[in-house]
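Okay, structure first, notes after.
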Amino acid sequence: MYSVIIKNGQEQEQLIHSPYVDNLKIEDAKIVKSVDDIDSFSFLIYPNNQGYNNLKYLTTQVEVINERTGITLFRGRILEPQDTMNDSGLIVREVVCASELSYLQDSVQKWGKWQNLTPKQFFTALINEHNSQVEAHKRFTVGNVDVTNSTDNVYRYTNDDVSTYETIKDKLIDRLGGELQIRYQNGIRYLDYLQKIGQKGAQRIELSVNLKSISRSIDPSELITVLKPLGNQLEQEDDNTDASTPRLTIESVNVCNPYLRDEGKIQQFGVRVGAVVWDDVTLASNLLSKGRQFLAEQKTALIKYQIDAVDLAPINLAVDHFECGWWYDVYNPLMGIDEELRVIGQTIDINDPTGSVLSIGD
């Protein structure tokens, strides 16, 4: 079903795992995908494998291919091989790989003050700086970007001791949301920055069909019934660098009251005060609108699912595979579940393609 190929620089590709050749196998081989982190691939390899001595940390490129569909499930590099020998003398090498997104950890951004740029222009500037520092095979072409804010403008400072990946996480994703996606088209590697990656999948997760187990937990701890909206940081008069910086509030447009109350939820759940920060908001009136919208759209609790389901595509019983970031209909009448849920994490065992553990978003 799956083949694994390695390559060092300009050397010829080498097969280290084949679904067809019995003596060309790696063990305990799992791909772990996540919508908000760098994908990984780990496996065990023994000295009798032809690629055992060709695994070099940081430089060996690894690719996992679905032979049935021709789709590449993982592209990346080896991070850390570790050799062990047990008490019976058996030697094995444990290998951990990181996806191509980890290339963004190989560059650092320059110090800068960025303003009057759209989020897309700022993202492009960060990627261009990364590309100027690394080898050709680690570079990205900026693809689709649809993340923005209310002003379509960013005001940011970047540090010269922080990697490109952490800068993107801190200055864009953590503040504006969005997800990163690597996409190949006509041999070009694009890096998309999208509000949400993924689409609606045709495969259904259903009790007595492909649903093996499911757990559900309800977490109401993030519920806010009295909200203090906070905007951008204000000018600080105190020269003391240890002093905290005040933020814009709604007092000036809310009868001198910095708080918004949801009386319906207060009656049901009691007073739970919380603050939410909108860094890009500079007007109190806009901040008031943001706060009211937050309370109106806030869910009363987060429901978390963990699903162990059989991917029916490898055994020709479904037209599409499970994909991280996609939405699927989940049906379990015994637990009262009949809704469309999003896969935000996925573990794929390439030696047992019918077993796939799916993490479902809150």
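Order determines the names: the first chain of the structure tokens is A, the second B, and so forth; residues in each chain are numbered 1 upward, and ligands are numbered 1 upward as they are shown.
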
Sort by chain and increasing residue number a table of all residues of range 123-149 of chain A within 8 Å of range 102-106 of chain A, each with its closest pair of atoms and their distance in Å to one decimal, counting only C-alpha atoms, and write it as a Markdown table.
```
| residue | atom | partner | partner_atom | distance |
| --- | --- | --- | --- | --- |
| A:His130 | CA | A:Leu104 | CA | 6.9 |
| A:Val134 | CA | A:Asp106 | CA | 7.2 |
| A:Lys138 | CA | A:Tyr103 | CA | 5.7 |
| A:Arg139 | CA | A:Tyr103 | CA | 7.9 |
```

Print the selection's residues with N, CA, C and O atoms to a file, as an mmCIF file, in the first residue's frame.
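Listed below is the output, out_5.cif:
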```
data_model
loop_
_atom_site.group_PDB
_atom_site.id
_atom_site.type_symbol
_atom_site.label_atom_id
_atom_site.label_comp_id
_atom_site.auth_asym_id
_atom_site.auth_seq_id
_atom_site.Cartn_x
_atom_site.Cartn_y
_atom_site.Cartn_z
ATOM 1 N N HIS A 130 13.152 34.210 4.664
ATOM 2 C CA HIS A 130 13.552 32.802 4.837
ATOM 3 C C HIS A 130 14.268 32.281 3.595
ATOM 4 O O HIS A 130 15.352 31.680 3.688
ATOM 5 N N VAL A 134 18.341 30.165 3.019
ATOM 6 C CA VAL A 134 18.446 28.705 2.984
ATOM 7 C C VAL A 134 18.716 28.187 1.571
ATOM 8 O O VAL A 134 18.615 28.928 0.587
ATOM 9 N N LYS A 138 14.896 24.103 0.305
ATOM 10 C CA LYS A 138 14.148 24.482 1.506
ATOM 11 C C LYS A 138 13.290 25.729 1.288
ATOM 12 O O LYS A 138 12.666 26.215 2.225
ATOM 13 N N ARG A 139 13.255 26.230 0.078
ATOM 14 C CA ARG A 139 12.532 27.475 -0.182
ATOM 15 C C ARG A 139 11.069 27.201 -0.525
ATOM 16 O O ARG A 139 10.712 26.127 -0.998
#
```

_Spatial neighbours of Ile5 in chain A, max dist 7 Å, only C-alpha atoms, sep filter under 6 positions, as a PyMOL selection string_ = chain A and resi 13-16+62-64

Could those selected residues go to a file with C-alpha atoms, as a short mmCIF file (atom, residue, chain, number, x, y, z; two decimals), in the first residue's frame?
```cif
data_model
loop_
_atom_site.label_atom_id
_atom_site.label_comp_id
_atom_site.auth_asym_id
_atom_site.auth_seq_id
_atom_site.Cartn_x
_atom_site.Cartn_y
_atom_site.Cartn_z
CA GLU A 13 16.50 7.80 -4.57
CA GLN A 14 16.55 4.62 -2.48
CA LEU A 15 13.60 2.46 -1.49
CA ILE A 16 13.60 1.40 2.19
CA VAL A 62 12.09 11.09 3.23
CA GLU A 63 8.93 10.55 1.21
CA VAL A 64 5.95 8.27 1.94
#
```

*Quote the spacing between CA of Gly9 in chain A and CA of Thr60 in chain A in Å to one decimal place.*
7.5 Å

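Look at range 30-39 of chain A: the protein and nucleic acid residues within 8 Å of it, using only C-alpha atoms and passing over chain neighbours fewer than 5 places away, are Phe74, Ala98, Ser99, Leu101, Ser102, Glu179, Leu180, Ile197, Cys324, Gly325, Ile344, Gly345, Gln346, Thr347, Ile348, Asp349 and Ile350 of chain A.
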
Could you dump the residues just selected with C-alpha atoms as a PDB file, in the first residue's frame?
```pdb
ATOM      1  CA  PHE A  74       4.561  12.787   3.814  1.00  0.00           C
ATOM      2  CA  ALA A  98       9.754  16.236  10.403  1.00  0.00           C
ATOM      3  CA  SER A  99       7.779  17.496   7.422  1.00  0.00           C
ATOM      4  CA  LEU A 101       7.354  22.796   7.162  1.00  0.00           C
ATOM      5  CA  SER A 102      10.315  22.332   9.532  1.00  0.00           C
ATOM      6  CA  GLU A 179      -3.405  27.471   9.183  1.00  0.00           C
ATOM      7  CA  LEU A 180      -0.392  26.646   7.016  1.00  0.00           C
ATOM      8  CA  ILE A 197      -7.467  24.141   5.217  1.00  0.00           C
ATOM      9  CA  CYS A 324      -6.319  15.945   8.259  1.00  0.00           C
ATOM     10  CA  GLY A 325      -8.165  19.261   8.224  1.00  0.00           C
ATOM     11  CA  ILE A 344      -7.555  18.265  13.266  1.00  0.00           C
ATOM     12  CA  GLY A 345      -5.118  15.423  13.950  1.00  0.00           C
ATOM     13  CA  GLN A 346      -4.469  12.037  12.392  1.00  0.00           C
ATOM     14  CA  THR A 347      -2.168   9.076  13.008  1.00  0.00           C
ATOM     15  CA  ILE A 348      -1.575   6.709  10.076  1.00  0.00           C
ATOM     16  CA  ASP A 349       0.101   3.335  10.527  1.00  0.00           C
ATOM     17  CA  ILE A 350       1.547   2.535   7.103  1.00  0.00           C
TER      18      ILE A 350
END
```

*Near range 182-196 of chain A, within 6 Å and counting only C-alpha atoms, which residues show up once chain neighbours fewer than 6 positions away are dropped, as a ChimeraX atom specification?*
/A:140-147

Write a file of the just-selected residues containing N, CA and C atoms, as a CSV table (one decimal), in the first residue's frame.
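The new file selection.csv reads:
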```csv
chain,number,residue,atom,x,y,z
A,140,PHE,N,10.2,28.2,-0.3
A,140,PHE,CA,8.8,28.1,-0.6
A,140,PHE,C,8.4,29.3,-1.5
A,141,THR,N,7.4,29.0,-2.3
A,141,THR,CA,6.7,30.0,-3.1
A,141,THR,C,5.4,30.3,-2.3
A,142,VAL,N,5.1,31.6,-2.1
A,142,VAL,CA,3.9,31.9,-1.4
A,142,VAL,C,2.7,31.6,-2.3
A,143,GLY,N,1.7,30.9,-1.7
A,143,GLY,CA,0.6,30.5,-2.5
A,143,GLY,C,-0.7,31.3,-2.1
A,144,ASN,N,-1.7,30.6,-1.8
A,144,ASN,CA,-3.0,31.3,-1.5
A,144,ASN,C,-3.0,31.8,0.0
A,145,VAL,N,-3.4,33.1,0.1
A,145,VAL,CA,-3.5,33.7,1.5
A,145,VAL,C,-4.8,34.4,1.6
A,146,ASP,N,-5.7,33.9,2.5
A,146,ASP,CA,-7.0,34.6,2.6
A,146,ASP,C,-7.2,35.0,4.1
A,147,VAL,N,-6.2,35.0,4.9
A,147,VAL,CA,-6.3,35.5,6.3
A,147,VAL,C,-6.1,37.0,6.3
```

*Which of range 71-151 of chain A fall in strand (DSSP E or B), as a count of residues only*: 35

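With only C-alpha atoms taken into account, the protein and nucleic acid residues at most 12 Å from Asp174 in chain A (excluding it and anything under 6 positions from it in its own chain) are Asp36, Glu166, Thr167, Ile168, Val277, Trp278 and Asp279 of chain A.
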
*Find, counting only C-alpha atoms, the residue in A:Ala301, A:Leu358, A:Val276, A:Leu283 that gets nearest to Ile218 in chain A.*
A:Ala301

*So which one's closest to Trp326 in chain A, A:Asn210, A:Gln199, A:Thr245, A:Ser252? Using only C-alpha atoms, please.*
A:Gln199

*Skipping near chain neighbours, those fewer than 2 positions away, what residues fall within 6 Å of range 41-43 of chain A using only C-alpha atoms, listed as number ranges by chain?*
A: 27-31, 94-97

Output N, CA, C and O atoms of each residue in that selection to a file, as a PDB file, in the first residue's frame.
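File written: part14.pdb
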```
ATOM      1  N   GLU A  27       9.521  -0.990  10.429  1.00  0.00           N
ATOM      2  CA  GLU A  27       8.527  -1.386  11.413  1.00  0.00           C
ATOM      3  C   GLU A  27       8.025  -0.169  12.201  1.00  0.00           C
ATOM      4  O   GLU A  27       8.686   0.866  12.259  1.00  0.00           O
ATOM      5  N   ASP A  28       6.848  -0.360  12.824  1.00  0.00           N
ATOM      6  CA  ASP A  28       6.261   0.665  13.691  1.00  0.00           C
ATOM      7  C   ASP A  28       6.294   2.039  13.019  1.00  0.00           C
ATOM      8  O   ASP A  28       6.666   3.048  13.635  1.00  0.00           O
ATOM      9  N   ALA A  29       5.907   2.059  11.757  1.00  0.00           N
ATOM     10  CA  ALA A  29       5.994   3.271  10.947  1.00  0.00           C
ATOM     11  C   ALA A  29       4.678   4.049  11.004  1.00  0.00           C
ATOM     12  O   ALA A  29       3.652   3.578  10.519  1.00  0.00           O
ATOM     13  N   LYS A  30       4.727   5.238  11.571  1.00  0.00           N
ATOM     14  CA  LYS A  30       3.513   6.031  11.765  1.00  0.00           C
ATOM     15  C   LYS A  30       3.723   7.475  11.328  1.00  0.00           C
ATOM     16  O   LYS A  30       4.740   8.091  11.652  1.00  0.00           O
ATOM     17  N   ILE A  31       2.733   7.986  10.612  1.00  0.00           N
ATOM     18  CA  ILE A  31       2.686   9.402  10.248  1.00  0.00           C
ATOM     19  C   ILE A  31       1.708  10.090  11.196  1.00  0.00           C
ATOM     20  O   ILE A  31       0.595   9.612  11.405  1.00  0.00           O
ATOM     21  N   GLU A  94      15.889   3.768  15.593  1.00  0.00           N
ATOM     22  CA  GLU A  94      14.630   4.500  15.662  1.00  0.00           C
ATOM     23  C   GLU A  94      14.828   5.856  14.996  1.00  0.00           C
ATOM     24  O   GLU A  94      15.739   6.607  15.355  1.00  0.00           O
ATOM     25  N   VAL A  95      13.957   6.161  14.046  1.00  0.00           N
ATOM     26  CA  VAL A  95      14.129   7.367  13.238  1.00  0.00           C
ATOM     27  C   VAL A  95      12.906   8.267  13.390  1.00  0.00           C
ATOM     28  O   VAL A  95      11.770   7.798  13.298  1.00  0.00           O
ATOM     29  N   VAL A  96      13.138   9.550  13.613  1.00  0.00           N
ATOM     30  CA  VAL A  96      12.075  10.551  13.686  1.00  0.00           C
ATOM     31  C   VAL A  96      12.300  11.574  12.578  1.00  0.00           C
ATOM     32  O   VAL A  96      13.405  12.098  12.424  1.00  0.00           O
ATOM     33  N   CYS A  97      11.255  11.840  11.822  1.00  0.00           N
ATOM     34  CA  CYS A  97      11.337  12.791  10.713  1.00  0.00           C
ATOM     35  C   CYS A  97      10.345  13.924  10.930  1.00  0.00           C
ATOM     36  O   CYS A  97       9.313  13.752  11.587  1.00  0.00           O
TER      37      CYS A  97
END
```

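If only C-alpha atoms are the atoms counted, then among A:Leu117, A:Gly270, A:Gly231, A:Leu334 the closest residue to Glu251 in chain A is A:Gly231.
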
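Of the listed residues (A:Ile173, A:Leu211, A:Ile303, A:Leu312), A:Ile173 comes nearest to Phe123 in chain A; the distances count only C-alpha atoms.
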
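Across the structure, CA of Asn149 in chain A and CA of Leu172 in chain A are spaced 10.4 Å apart.
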
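Nearest residue to Pro258 in chain A among A:Val92, A:Leu234, A:Leu227, A:Ala202 is A:Leu227, counting only C-alpha atoms.
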
_as a PyMOL selection string, please: every residue in range 131-183 of chain A that DSSP puts in alpha helix (DSSP H)._
chain A and resi 131+164-168+174-176

Store the residues of this selection in a file with N, CA, C and O atoms, as an mmCIF file, in the first residue's frame.
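This is the output file again36.cif:
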```cif
data_model
loop_
_atom_site.group_PDB
_atom_site.id
_atom_site.type_symbol
_atom_site.label_atom_id
_atom_site.label_comp_id
_atom_site.auth_asym_id
_atom_site.auth_seq_id
_atom_site.Cartn_x
_atom_site.Cartn_y
_atom_site.Cartn_z
ATOM 1 N N ASN A 131 13.682 32.513 2.420
ATOM 2 C CA ASN A 131 14.258 32.006 1.172
ATOM 3 C C ASN A 131 15.655 32.554 0.908
ATOM 4 O O ASN A 131 16.489 31.890 0.283
ATOM 5 N N THR A 164 11.870 31.727 11.509
ATOM 6 C CA THR A 164 10.747 32.122 10.658
ATOM 7 C C THR A 164 9.468 31.410 11.085
ATOM 8 O O THR A 164 8.393 32.016 11.131
ATOM 9 N N TYR A 165 9.564 30.129 11.422
ATOM 10 C CA TYR A 165 8.378 29.380 11.821
ATOM 11 C C TYR A 165 7.748 29.981 13.070
ATOM 12 O O TYR A 165 6.527 30.211 13.111
ATOM 13 N N GLU A 166 8.557 30.259 14.093
ATOM 14 C CA GLU A 166 8.021 30.816 15.336
ATOM 15 C C GLU A 166 7.515 32.235 15.128
ATOM 16 O O GLU A 166 6.549 32.660 15.772
ATOM 17 N N THR A 167 8.133 32.984 14.224
ATOM 18 C CA THR A 167 7.668 34.336 13.928
ATOM 19 C C THR A 167 6.288 34.300 13.288
ATOM 20 O O THR A 167 5.386 35.068 13.651
ATOM 21 N N ILE A 168 6.097 33.396 12.338
ATOM 22 C CA ILE A 168 4.784 33.253 11.697
ATOM 23 C C ILE A 168 3.742 32.826 12.714
ATOM 24 O O ILE A 168 2.611 33.344 12.728
ATOM 25 N N ASP A 174 -1.132 33.092 15.834
ATOM 26 C CA ASP A 174 -1.654 33.244 17.197
ATOM 27 C C ASP A 174 -2.529 34.487 17.338
ATOM 28 O O ASP A 174 -3.358 34.562 18.254
ATOM 29 N N ARG A 175 -2.361 35.461 16.458
ATOM 30 C CA ARG A 175 -3.107 36.719 16.591
ATOM 31 C C ARG A 175 -4.264 36.833 15.609
ATOM 32 O O ARG A 175 -5.313 37.389 15.927
ATOM 33 N N LEU A 176 -4.071 36.302 14.410
ATOM 34 C CA LEU A 176 -5.116 36.424 13.389
ATOM 35 C C LEU A 176 -5.794 35.098 13.078
ATOM 36 O O LEU A 176 -6.790 35.074 12.354
#
```

*Got a sec: who's within 8 Å of Ser18 in chain A, counting only C-alpha atoms, leaving out chain neighbours fewer than 4 positions off, as a VMD selection string?*
chain A and resid 2 to 4 22 24 to 25
